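Contents: one structure, followed by commentary.
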Amino acid sequence: MKNITDNNPKELRTIIYFFIFSFAIMLFATTSSPLYTFNQWDDVNIHFTIGKGLFNGRIHMVDLIDNKGPVIHLIYGLAWFIDSTGHTGVYVLLSLFLALSMIHVYRMALLFIKNDDLCLFIGILSSVPLLIFRRSSFLNSGGSIEEFTLCILTIALYYFTLYFVKAEVFSNRHIILLGMLFAAVFMMKFNLSTFFLGFLSVIFIKMLIDKEWIFLFRSILYFLCGTLMIIAPYLIYALINKSLRNFIDIYFLLSSKYLMPEGTSFITKLSATFSNANLSLLHLAFVIIVIIGVVFAMRFINKWFSVGYSLSLIFLFFSIYLGDVYTYTHIPLFVFIPLLIITTGVAFEKLFPHFEIKGIVKITAVTVIFFAIILLNGLYKSDMFLHRSEPVQIRMAELIKTYAVDDSPTLLQAFGLDYGFYTASGIIPDEPYFTDLNISHDVMPEIRNSRRDSVKYGKYEFVILPTGLDSTPDPEYWTLDLYEHIAALEDDEGKLWHLYHRRFQI
């Protein structure tokens with residue numbers, strides 16, 4: 001096995017290739033890229049709205065509320081620095097995360113395969129399942145928590161593999177990094193952090209059996225240090241801003257209701273897990289992939305890794321499917337696919353030990369993979385590709401700019417999830433419950449009632465309300481006496497979005 005700590009003159013070039021490939025393919029594989037006019041996915045715009053709010057004086061979980069963790073909002077806040085009224089920054093970060101994921105699959109492959117070029121292709125091929133997984137236009141939009149999390153889990157998988165394969169090069173800084181990776185996932189979507197528990201439990205149990213008391217204590221200490229490096233700054237921030245209680249109530253307690261609704265027994269929810277997983281031939285293929293991974297681990301790594309690998313899969317599976325399942329929910333499970341690709345690479349190298357990949361062959365193969373992803377992803381068929389159409393968000397932002405009495409207008413999208421009007425207009429909402437949180441009005445009426453009262457008393461200069469949605473409340477619910485109707489704009493789904501302008505100025 002190749003020692004990846006040795007100087008490898010080709011590794012830097014290979015890493016550069018991954019970055020070039022990632023930034024190039026994401027130009028087509030996400031509507032956040034500059035080739036598309038706008039990413040209309042609610043989740044992306046919710047994260048973006050809160051992210052830019054964090055860097056403009058808004059208090060997390062007090063001034064802007066969402067039941068997702070602060071790390072994803074920090075990521076989107078960084079994206080806001082790159083593009084304040086669009087998603088180019090999201091594209092940049094998605095590309096960076098994808099490149100990092102491929103790099104660590106490549107490094108994982110180097111633990112078992114001597115052919116550097118073959119490892120490069122394994123790294124590139126590891127991106128294919130995510131980029132062509134086409135269950136809905138939402139997923140194709142790119143930018144879900146699960147997509148960012150997949151990269152972090154892949155990096156963690158590499159370091160877990162490194163520990164079991166080459167323990168002599170596994171250092172304290174790696175343990176600290178694993179703690180940081182765990183905390184990053186925990187502070188984005190806490191249920192997905194269960195992936196770490198399988199490997200960690202096996203590692204610590206192995207240390208106990210081997211009576212490595214000092215190493216065990218030191219490993220736990222370093223892991224906790226890494227965890228605190230991510231969590232502690234936010235806890236200090238929350239204590240200073242007196243938002244810790246809100247964070248616990250919303251991020252943990254409210255989010256837990258998605259997993260275990262009131263009145264639902266654990267056994268009932270557990271039995272519904274397999275129904276949520278929607279087992280099909282696709283999932284059967286995934287089971288085969290995992291089994292091959294376990295067999296490979298038993299053959300080329302060791303039984304301890306196989307147990308940790310299996311436990312991590314079980315923990316992650318149940319943490320995902322105990323809750324509500326959407327088309328993008330499955331993405332974190334893709335972390336178990338690289339081992340299959342590496343298994344194939346090991347078999348290929350054994351069959352063709354002296355196989356060399358010439359420059360022109362390498363370029364041709366990568367080009368074929370590149371265009372195959374674009375064709376299978378299919379986003380280029382979108383009307384917004386190469387700006388063939390102007391979305392309602394941008395048209396609405398132009399109207400707001402036209403009618404605004406000054407350079408700092410206020411805006412409220414009074415119903416529904418964040419549809420991107422705050423992003424396109426560059427406005428930060430002053431309404432804590434600026435989005436519905438995917439919770440019914442009966443469960444949390446204060447969300448919609450807060451926005452209704454803001455409209456009733458003319459708190460905002462502009463108000464946006466939709467019609468044409470099945471869940472749109474009775475129009476009498478909204479008191480619009482203080483507002484003048486400006487325009488009704490249709491989106492690409494045939495829904496009308498109405499813009500209202502306040503009749504008086506404050």
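Going through the structure tokens in order, the chains are called A, B, and so on, while each chain numbers its residues from 1 and the ligands are numbered from 1 in the order shown.
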Item to complete: For Leu489 (chain A), work out the shell of residues within 8 Å, counting only C-alpha atoms and skipping chain neighbours fewer than 4 positions away, then give it as a list in words.
Response: Val392, Met396, Leu496, Trp497 and His498 of chain A
Can you spit out the residues from that selection as a compact mmCIF listing (two decimals), in the first residue's frame, using N, CA, C and O atoms?
# COMPACT_ATOMS: atom_id res chain seq x y z
N VAL A 392 -39.43 35.25 -11.59
CA VAL A 392 -40.29 36.21 -10.91
C VAL A 392 -39.54 36.96 -9.81
O VAL A 392 -39.84 38.12 -9.53
N MET A 396 -39.59 40.92 -9.57
CA MET A 396 -40.15 41.55 -8.38
C MET A 396 -39.14 42.50 -7.73
O MET A 396 -39.51 43.59 -7.26
N LEU A 496 -49.32 33.10 -9.06
CA LEU A 496 -49.23 34.56 -9.08
C LEU A 496 -48.68 35.07 -7.75
O LEU A 496 -49.11 34.65 -6.68
N TRP A 497 -47.75 35.99 -7.86
CA TRP A 497 -47.19 36.64 -6.68
C TRP A 497 -47.56 38.12 -6.74
O TRP A 497 -47.21 38.82 -7.68
N HIS A 498 -48.28 38.58 -5.72
CA HIS A 498 -48.82 39.94 -5.68
C HIS A 498 -47.92 40.83 -4.84
O HIS A 498 -47.57 40.50 -3.70
*asked:* Neighbouring residues of Phe38 (chain A) were defined as those with any atom within 7 Å, considering only C-alpha atoms; residues of the same chain fewer than 4 positions away were excluded. Please report them as a list in words.
replied: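 What passes the distance filter is Thr31, Ser32 and Gly86 of chain A.
Using only C-alpha atoms, the smallest distance between any of A:Leu311, A:Asn241, A:Asp383, A:Thr402 and Gly57 (chain A) comes from A:Asn241.
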Review point. Counting only C-alpha atoms, what is within 12 Å of Tyr403 (chain A), bar same-chain residues fewer than 5 positions away, as a list of chain:residue names?
Key: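 These residues fall inside the cut-off: A:Met396, A:Ala397, A:Glu398, A:Ser408, A:Pro409, A:Thr410, A:Glu461, A:Phe462, A:Glu484, A:His485, A:Ile486, A:Ala487, A:Leu499, A:Tyr500, A:His501, A:Arg502, A:Arg503.
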Selection file, N, CA, C and O atoms, as an mmCIF file, in the first residue's frame:
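The result, stored in selection_31.cif:
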data_model
loop_
_atom_site.group_PDB
_atom_site.id
_atom_site.type_symbol
_atom_site.label_atom_id
_atom_site.label_comp_id
_atom_site.auth_asym_id
_atom_site.auth_seq_id
_atom_site.Cartn_x
_atom_site.Cartn_y
_atom_site.Cartn_z
ATOM 1 N N MET A 396 -39.587 40.923 -9.574
ATOM 2 C CA MET A 396 -40.150 41.549 -8.382
ATOM 3 C C MET A 396 -39.140 42.495 -7.734
ATOM 4 O O MET A 396 -39.505 43.589 -7.262
ATOM 5 N N ALA A 397 -37.877 42.104 -7.713
ATOM 6 C CA ALA A 397 -36.844 42.955 -7.132
ATOM 7 C C ALA A 397 -36.729 44.273 -7.891
ATOM 8 O O ALA A 397 -36.520 45.342 -7.289
ATOM 9 N N GLU A 398 -36.879 44.240 -9.208
ATOM 10 C CA GLU A 398 -36.819 45.467 -10.017
ATOM 11 C C GLU A 398 -37.997 46.386 -9.701
ATOM 12 O O GLU A 398 -37.841 47.616 -9.635
ATOM 13 N N SER A 408 -33.350 51.893 1.430
ATOM 14 C CA SER A 408 -33.455 50.837 2.443
ATOM 15 C C SER A 408 -34.909 50.407 2.630
ATOM 16 O O SER A 408 -35.495 50.588 3.703
ATOM 17 N N PRO A 409 -35.515 49.851 1.605
ATOM 18 C CA PRO A 409 -36.905 49.412 1.749
ATOM 19 C C PRO A 409 -37.004 48.182 2.644
ATOM 20 O O PRO A 409 -36.033 47.438 2.827
ATOM 21 N N THR A 410 -38.177 47.988 3.219
ATOM 22 C CA THR A 410 -38.441 46.795 4.016
ATOM 23 C C THR A 410 -39.441 45.930 3.275
ATOM 24 O O THR A 410 -40.307 46.420 2.545
ATOM 25 N N GLU A 461 -42.730 48.227 4.222
ATOM 26 C CA GLU A 461 -43.062 49.051 3.073
ATOM 27 C C GLU A 461 -43.659 48.205 1.950
ATOM 28 O O GLU A 461 -44.608 48.629 1.284
ATOM 29 N N PHE A 462 -43.131 47.002 1.771
ATOM 30 C CA PHE A 462 -43.628 46.107 0.719
ATOM 31 C C PHE A 462 -44.070 44.778 1.314
ATOM 32 O O PHE A 462 -43.458 44.272 2.256
ATOM 33 N N GLU A 484 -51.407 49.298 -1.139
ATOM 34 C CA GLU A 484 -51.908 49.433 -2.506
ATOM 35 C C GLU A 484 -51.324 48.314 -3.363
ATOM 36 O O GLU A 484 -50.125 48.036 -3.304
ATOM 37 N N HIS A 485 -52.180 47.681 -4.146
ATOM 38 C CA HIS A 485 -51.717 46.599 -5.009
ATOM 39 C C HIS A 485 -50.944 47.185 -6.190
ATOM 40 O O HIS A 485 -51.428 48.032 -6.909
ATOM 41 N N ILE A 486 -49.701 46.703 -6.371
ATOM 42 C CA ILE A 486 -48.822 47.233 -7.420
ATOM 43 C C ILE A 486 -48.811 46.345 -8.656
ATOM 44 O O ILE A 486 -48.962 46.819 -9.795
ATOM 45 N N ALA A 487 -48.635 45.035 -8.442
ATOM 46 C CA ALA A 487 -48.487 44.143 -9.593
ATOM 47 C C ALA A 487 -48.758 42.707 -9.186
ATOM 48 O O ALA A 487 -48.701 42.359 -7.998
ATOM 49 N N LEU A 499 -47.575 41.988 -5.400
ATOM 50 C CA LEU A 499 -46.763 42.970 -4.694
ATOM 51 C C LEU A 499 -47.649 44.105 -4.214
ATOM 52 O O LEU A 499 -48.401 44.687 -4.987
ATOM 53 N N TYR A 500 -47.537 44.422 -2.906
ATOM 54 C CA TYR A 500 -48.301 45.516 -2.310
ATOM 55 C C TYR A 500 -47.348 46.549 -1.764
ATOM 56 O O TYR A 500 -46.302 46.196 -1.203
ATOM 57 N N HIS A 501 -47.706 47.839 -1.909
ATOM 58 C CA HIS A 501 -46.884 48.933 -1.422
ATOM 59 C C HIS A 501 -47.663 49.709 -0.378
ATOM 60 O O HIS A 501 -48.825 50.051 -0.583
ATOM 61 N N ARG A 502 -47.023 49.997 0.738
ATOM 62 C CA ARG A 502 -47.693 50.710 1.829
ATOM 63 C C ARG A 502 -48.110 52.108 1.384
ATOM 64 O O ARG A 502 -47.358 52.807 0.713
ATOM 65 N N ARG A 503 -49.334 52.499 1.748
ATOM 66 C CA ARG A 503 -49.890 53.799 1.335
ATOM 67 C C ARG A 503 -49.275 54.966 2.057
ATOM 68 O O ARG A 503 -49.361 56.119 1.612
#
Write out, as a Markdown table, each residue of region 275-390 of chain A that has an atom at most 10 Å from region 8-24 of chain A, together with the closest pair of atoms and their distance in Å to one decimal, counting only C-alpha atoms, rows going by chain and rising number.
| residue | atom | partner | partner_atom | distance |
| --- | --- | --- | --- | --- |
| A:Val366 | CA | A:Phe21 | CA | 8.8 |
| A:Thr367 | CA | A:Phe21 | CA | 9.7 |
| A:Phe370 | CA | A:Phe21 | CA | 8.1 |
Residues just named, written with all heavy atoms as a short mmCIF file (atom, residue, chain, number, x, y, z; two decimals), in the first residue's frame:
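Dumped to selection.cif:
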data_model
loop_
_atom_site.label_atom_id
_atom_site.label_comp_id
_atom_site.auth_asym_id
_atom_site.auth_seq_id
_atom_site.Cartn_x
_atom_site.Cartn_y
_atom_site.Cartn_z
N VAL A 366 -11.99 11.72 -19.12
CA VAL A 366 -12.57 12.75 -18.23
C VAL A 366 -13.63 13.56 -18.97
O VAL A 366 -14.66 13.90 -18.42
CB VAL A 366 -11.46 13.66 -17.67
CG1 VAL A 366 -12.08 14.84 -16.93
CG2 VAL A 366 -10.54 12.87 -16.74
N THR A 367 -13.37 13.86 -20.24
CA THR A 367 -14.33 14.61 -21.05
C THR A 367 -15.63 13.84 -21.22
O THR A 367 -16.72 14.41 -21.12
CB THR A 367 -13.72 14.94 -22.43
OG1 THR A 367 -12.52 15.68 -22.26
CG2 THR A 367 -14.71 15.75 -23.26
N PHE A 370 -17.47 13.98 -18.01
CA PHE A 370 -17.98 15.35 -17.84
C PHE A 370 -19.30 15.55 -18.58
O PHE A 370 -20.30 15.98 -17.98
CB PHE A 370 -16.92 16.33 -18.34
CG PHE A 370 -17.27 17.77 -18.15
CD1 PHE A 370 -16.97 18.42 -16.96
CD2 PHE A 370 -17.89 18.50 -19.15
CE1 PHE A 370 -17.29 19.76 -16.78
CE2 PHE A 370 -18.21 19.83 -18.98
CZ PHE A 370 -17.91 20.47 -17.79
#
- Task: Would you mind listing what lies within 10 Å of Gly226 (chain A) as a list in words, with only C-alpha atoms counted and same-chain residues fewer than 3 positions away left out?
- Result: Arg173, His174, Ile175, Ile176, Leu177, Leu178, Gly179, Met180, Leu181, Phe182, Ala183, Ile220, Leu221, Tyr222, Phe223, Met229, Ile230 and Ile231 of chain A
Taking N, CA and C atoms for each residue, export the selection above as a PDB file, in the first residue's frame.
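The resulting result-v8.pdb:
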ATOM      1  N   ARG A 173      -3.745  15.295  15.507  1.00  0.00           N
ATOM      2  CA  ARG A 173      -4.438  16.328  14.730  1.00  0.00           C
ATOM      3  C   ARG A 173      -5.570  15.736  13.904  1.00  0.00           C
ATOM      4  N   HIS A 174      -5.418  14.465  13.515  1.00  0.00           N
ATOM      5  CA  HIS A 174      -6.503  13.799  12.801  1.00  0.00           C
ATOM      6  C   HIS A 174      -7.708  13.582  13.716  1.00  0.00           C
ATOM      7  N   ILE A 175      -7.427  13.248  14.967  1.00  0.00           N
ATOM      8  CA  ILE A 175      -8.520  13.067  15.934  1.00  0.00           C
ATOM      9  C   ILE A 175      -9.229  14.395  16.177  1.00  0.00           C
ATOM     10  N   ILE A 176      -8.449  15.458  16.299  1.00  0.00           N
ATOM     11  CA  ILE A 176      -9.043  16.795  16.481  1.00  0.00           C
ATOM     12  C   ILE A 176      -9.906  17.147  15.269  1.00  0.00           C
ATOM     13  N   LEU A 177      -9.393  16.856  14.072  1.00  0.00           N
ATOM     14  CA  LEU A 177     -10.147  17.148  12.858  1.00  0.00           C
ATOM     15  C   LEU A 177     -11.457  16.362  12.827  1.00  0.00           C
ATOM     16  N   LEU A 178     -11.427  15.091  13.231  1.00  0.00           N
ATOM     17  CA  LEU A 178     -12.661  14.297  13.272  1.00  0.00           C
ATOM     18  C   LEU A 178     -13.664  14.911  14.236  1.00  0.00           C
ATOM     19  N   GLY A 179     -13.176  15.435  15.358  1.00  0.00           N
ATOM     20  CA  GLY A 179     -14.070  16.119  16.293  1.00  0.00           C
ATOM     21  C   GLY A 179     -14.694  17.350  15.666  1.00  0.00           C
ATOM     22  N   MET A 180     -13.919  18.088  14.889  1.00  0.00           N
ATOM     23  CA  MET A 180     -14.432  19.276  14.204  1.00  0.00           C
ATOM     24  C   MET A 180     -15.462  18.891  13.144  1.00  0.00           C
ATOM     25  N   LEU A 181     -15.171  17.818  12.397  1.00  0.00           N
ATOM     26  CA  LEU A 181     -16.106  17.367  11.366  1.00  0.00           C
ATOM     27  C   LEU A 181     -17.421  16.908  11.992  1.00  0.00           C
ATOM     28  N   PHE A 182     -17.318  16.177  13.090  1.00  0.00           N
ATOM     29  CA  PHE A 182     -18.516  15.739  13.804  1.00  0.00           C
ATOM     30  C   PHE A 182     -19.355  16.936  14.249  1.00  0.00           C
ATOM     31  N   ALA A 183     -18.696  17.922  14.844  1.00  0.00           N
ATOM     32  CA  ALA A 183     -19.409  19.099  15.345  1.00  0.00           C
ATOM     33  C   ALA A 183     -20.035  19.893  14.206  1.00  0.00           C
ATOM     34  N   ILE A 220     -10.104  10.605  23.324  1.00  0.00           N
ATOM     35  CA  ILE A 220     -11.376  11.218  23.728  1.00  0.00           C
ATOM     36  C   ILE A 220     -11.176  12.706  23.988  1.00  0.00           C
ATOM     37  N   LEU A 221     -10.074  13.041  24.649  1.00  0.00           N
ATOM     38  CA  LEU A 221      -9.784  14.445  24.975  1.00  0.00           C
ATOM     39  C   LEU A 221      -9.594  15.268  23.705  1.00  0.00           C
ATOM     40  N   TYR A 222      -8.802  14.751  22.780  1.00  0.00           N
ATOM     41  CA  TYR A 222      -8.558  15.479  21.533  1.00  0.00           C
ATOM     42  C   TYR A 222      -9.832  15.592  20.691  1.00  0.00           C
ATOM     43  N   PHE A 223     -10.615  14.527  20.681  1.00  0.00           N
ATOM     44  CA  PHE A 223     -11.875  14.569  19.923  1.00  0.00           C
ATOM     45  C   PHE A 223     -12.806  15.637  20.504  1.00  0.00           C
ATOM     46  N   MET A 229     -14.059  23.238  19.393  1.00  0.00           N
ATOM     47  CA  MET A 229     -13.565  24.300  18.510  1.00  0.00           C
ATOM     48  C   MET A 229     -14.662  24.810  17.587  1.00  0.00           C
ATOM     49  N   ILE A 230     -15.635  23.963  17.280  1.00  0.00           N
ATOM     50  CA  ILE A 230     -16.754  24.366  16.427  1.00  0.00           C
ATOM     51  C   ILE A 230     -17.947  24.826  17.257  1.00  0.00           C
ATOM     52  N   ILE A 231     -18.258  24.099  18.325  1.00  0.00           N
ATOM     53  CA  ILE A 231     -19.474  24.370  19.094  1.00  0.00           C
ATOM     54  C   ILE A 231     -19.303  25.537  20.053  1.00  0.00           C
TER      55      ILE A 231
END
Just want the 10 Å neighbourhood of Leu100 (chain A), counted on only C-alpha atoms, with same-chain residues fewer than 3 positions away dropped. Output as a ChimeraX atom specification.
/A:15,18-19,22,94-97,103-106,123,151-152,154-155
Given the selection you just returned, output its residues as a file containing all heavy atoms, formatted as a short mmCIF file (atom, residue, chain, number, x, y, z; two decimals), in the first residue's frame.
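In the end it all went to out.cif:
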data_model
loop_
_atom_site.label_atom_id
_atom_site.label_comp_id
_atom_site.auth_asym_id
_atom_site.auth_seq_id
_atom_site.Cartn_x
_atom_site.Cartn_y
_atom_site.Cartn_z
N ILE A 15 -4.76 17.26 -7.47
CA ILE A 15 -5.69 18.08 -6.68
C ILE A 15 -6.17 19.27 -7.50
O ILE A 15 -7.36 19.64 -7.45
CB ILE A 15 -5.01 18.54 -5.37
CG1 ILE A 15 -4.84 17.34 -4.42
CG2 ILE A 15 -5.81 19.65 -4.70
CD1 ILE A 15 -4.04 17.66 -3.17
N PHE A 18 -8.86 18.18 -9.78
CA PHE A 18 -10.15 18.03 -9.10
C PHE A 18 -10.86 19.38 -8.96
O PHE A 18 -12.08 19.48 -9.16
CB PHE A 18 -9.96 17.40 -7.72
CG PHE A 18 -9.72 15.92 -7.75
CD1 PHE A 18 -8.65 15.36 -7.07
CD2 PHE A 18 -10.56 15.08 -8.46
CE1 PHE A 18 -8.43 13.99 -7.09
CE2 PHE A 18 -10.34 13.71 -8.50
CZ PHE A 18 -9.27 13.17 -7.82
N PHE A 19 -10.11 20.40 -8.62
CA PHE A 19 -10.73 21.72 -8.48
C PHE A 19 -11.23 22.23 -9.83
O PHE A 19 -12.33 22.80 -9.91
CB PHE A 19 -9.74 22.71 -7.86
CG PHE A 19 -9.69 22.65 -6.36
CD1 PHE A 19 -8.65 22.00 -5.71
CD2 PHE A 19 -10.68 23.22 -5.59
CE1 PHE A 19 -8.60 21.93 -4.32
CE2 PHE A 19 -10.65 23.16 -4.20
CZ PHE A 19 -9.61 22.51 -3.57
N SER A 22 -14.33 20.21 -10.70
CA SER A 22 -15.45 20.55 -9.83
C SER A 22 -16.08 21.88 -10.23
O SER A 22 -17.31 21.98 -10.38
CB SER A 22 -14.97 20.61 -8.37
OG SER A 22 -16.04 20.97 -7.52
N LEU A 94 -20.22 25.24 -3.23
CA LEU A 94 -20.58 23.90 -3.66
C LEU A 94 -19.43 23.26 -4.43
O LEU A 94 -19.13 22.07 -4.26
CB LEU A 94 -21.83 23.93 -4.54
CG LEU A 94 -23.17 24.13 -3.83
CD1 LEU A 94 -24.28 24.35 -4.86
CD2 LEU A 94 -23.51 22.94 -2.95
N SER A 95 -18.78 24.04 -5.26
CA SER A 95 -17.64 23.53 -6.05
C SER A 95 -16.47 23.17 -5.15
O SER A 95 -15.82 22.13 -5.34
CB SER A 95 -17.20 24.57 -7.09
OG SER A 95 -18.27 24.90 -7.96
N LEU A 96 -16.20 24.02 -4.16
CA LEU A 96 -15.12 23.74 -3.21
C LEU A 96 -15.39 22.45 -2.44
O LEU A 96 -14.49 21.59 -2.28
CB LEU A 96 -14.94 24.91 -2.24
CG LEU A 96 -14.31 26.18 -2.81
CD1 LEU A 96 -14.36 27.30 -1.77
CD2 LEU A 96 -12.87 25.93 -3.24
N PHE A 97 -16.60 22.29 -1.96
CA PHE A 97 -16.95 21.10 -1.18
C PHE A 97 -16.87 19.85 -2.04
O PHE A 97 -16.41 18.80 -1.58
CB PHE A 97 -18.34 21.27 -0.56
CG PHE A 97 -18.34 21.94 0.78
CD1 PHE A 97 -18.05 23.29 0.89
CD2 PHE A 97 -18.62 21.23 1.93
CE1 PHE A 97 -18.04 23.93 2.13
CE2 PHE A 97 -18.61 21.85 3.18
CZ PHE A 97 -18.32 23.20 3.28
N ILE A 103 -11.14 14.80 -3.61
CA ILE A 103 -9.74 14.69 -3.18
C ILE A 103 -9.59 13.62 -2.11
O ILE A 103 -8.63 12.82 -2.14
CB ILE A 103 -9.25 16.06 -2.64
CG1 ILE A 103 -9.06 17.04 -3.80
CG2 ILE A 103 -7.95 15.90 -1.86
CD1 ILE A 103 -8.86 18.48 -3.37
N HIS A 104 -10.53 13.54 -1.19
CA HIS A 104 -10.39 12.56 -0.10
C HIS A 104 -10.77 11.15 -0.55
O HIS A 104 -10.25 10.18 0.01
CB HIS A 104 -11.21 13.02 1.10
CG HIS A 104 -10.55 14.13 1.87
ND1 HIS A 104 -10.68 15.46 1.52
CD2 HIS A 104 -9.73 14.10 2.94
CE1 HIS A 104 -9.97 16.20 2.35
NE2 HIS A 104 -9.38 15.41 3.22
N VAL A 105 -11.63 11.03 -1.54
CA VAL A 105 -11.85 9.71 -2.13
C VAL A 105 -10.58 9.27 -2.85
O VAL A 105 -10.16 8.10 -2.75
CB VAL A 105 -13.05 9.72 -3.11
CG1 VAL A 105 -13.14 8.40 -3.87
CG2 VAL A 105 -14.34 9.98 -2.35
N TYR A 106 -9.95 10.18 -3.55
CA TYR A 106 -8.68 9.91 -4.23
C TYR A 106 -7.62 9.45 -3.22
O TYR A 106 -6.92 8.44 -3.45
CB TYR A 106 -8.24 11.18 -4.96
CG TYR A 106 -6.78 11.27 -5.30
CD1 TYR A 106 -6.24 10.55 -6.36
CD2 TYR A 106 -5.93 12.11 -4.56
CE1 TYR A 106 -4.89 10.65 -6.67
CE2 TYR A 106 -4.59 12.21 -4.87
CZ TYR A 106 -4.06 11.48 -5.92
OH TYR A 106 -2.73 11.59 -6.23
N GLY A 123 -11.64 9.15 -7.90
CA GLY A 123 -12.10 10.38 -7.26
C GLY A 123 -13.17 11.09 -8.08
O GLY A 123 -14.18 11.54 -7.54
N CYS A 151 -20.00 15.81 1.80
CA CYS A 151 -18.58 16.10 1.69
C CYS A 151 -17.88 15.87 3.04
O CYS A 151 -16.82 15.24 3.11
CB CYS A 151 -18.36 17.53 1.23
SG CYS A 151 -16.64 18.08 1.35
N ILE A 152 -18.47 16.37 4.10
CA ILE A 152 -17.87 16.23 5.43
C ILE A 152 -17.79 14.77 5.84
O ILE A 152 -16.78 14.31 6.38
CB ILE A 152 -18.68 17.05 6.47
CG1 ILE A 152 -18.63 18.54 6.11
CG2 ILE A 152 -18.14 16.82 7.87
CD1 ILE A 152 -19.50 19.41 6.99
N THR A 154 -17.60 12.23 3.84
CA THR A 154 -16.60 11.59 2.99
C THR A 154 -15.19 11.84 3.53
O THR A 154 -14.35 10.93 3.56
CB THR A 154 -16.71 12.10 1.54
OG1 THR A 154 -18.03 11.84 1.05
CG2 THR A 154 -15.69 11.42 0.64
N ILE A 155 -14.94 13.06 3.95
CA ILE A 155 -13.64 13.38 4.55
C ILE A 155 -13.43 12.56 5.82
O ILE A 155 -12.35 11.99 6.05
CB ILE A 155 -13.54 14.89 4.86
CG1 ILE A 155 -13.59 15.70 3.57
CG2 ILE A 155 -12.26 15.19 5.63
CD1 ILE A 155 -13.68 17.20 3.79
#
What separates CA of Phe348 (chain A) and CA of Asp116 (chain A) is a distance of 13.1 Å
Between CA of Phe305 (chain A) and CA of Met207 (chain A) lies a distance of 13.4 Å
Legend entry - Which of region 3-68 of chain A fall in helix (DSSP H, G or I), as a ChimeraX atom specification: /A:9-29,42-54
May I have the residues within 9 Å of Phe164 (chain A) as a PyMOL selection string, using only C-alpha atoms and disregarding those fewer than 6 positions away in the same chain? chain A and resi 170+203+301-302+304-305
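Note that CA of Leu98 (chain A) and CA of Leu157 (chain A) are 15.0 Å apart.
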Exercise. Pick out the residues sitting within 10 Å of region 423-430 of chain A, and hand them over as an NGL selection string; count only C-alpha atoms, and ignore anything fewer than 5 positions along from it in its own chain.
Key: :A and (38-40 or 44-46 or 48-53 or 56 or 58 or 63-64 or 80 or 83-87 or 391-401 or 408-413 or 418 or 459-460)
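Distance check against Ala184 (chain A) using only C-alpha atoms: of A:Phe252, A:Lys166, A:Ile122, A:His73, the minimum falls on A:His73.
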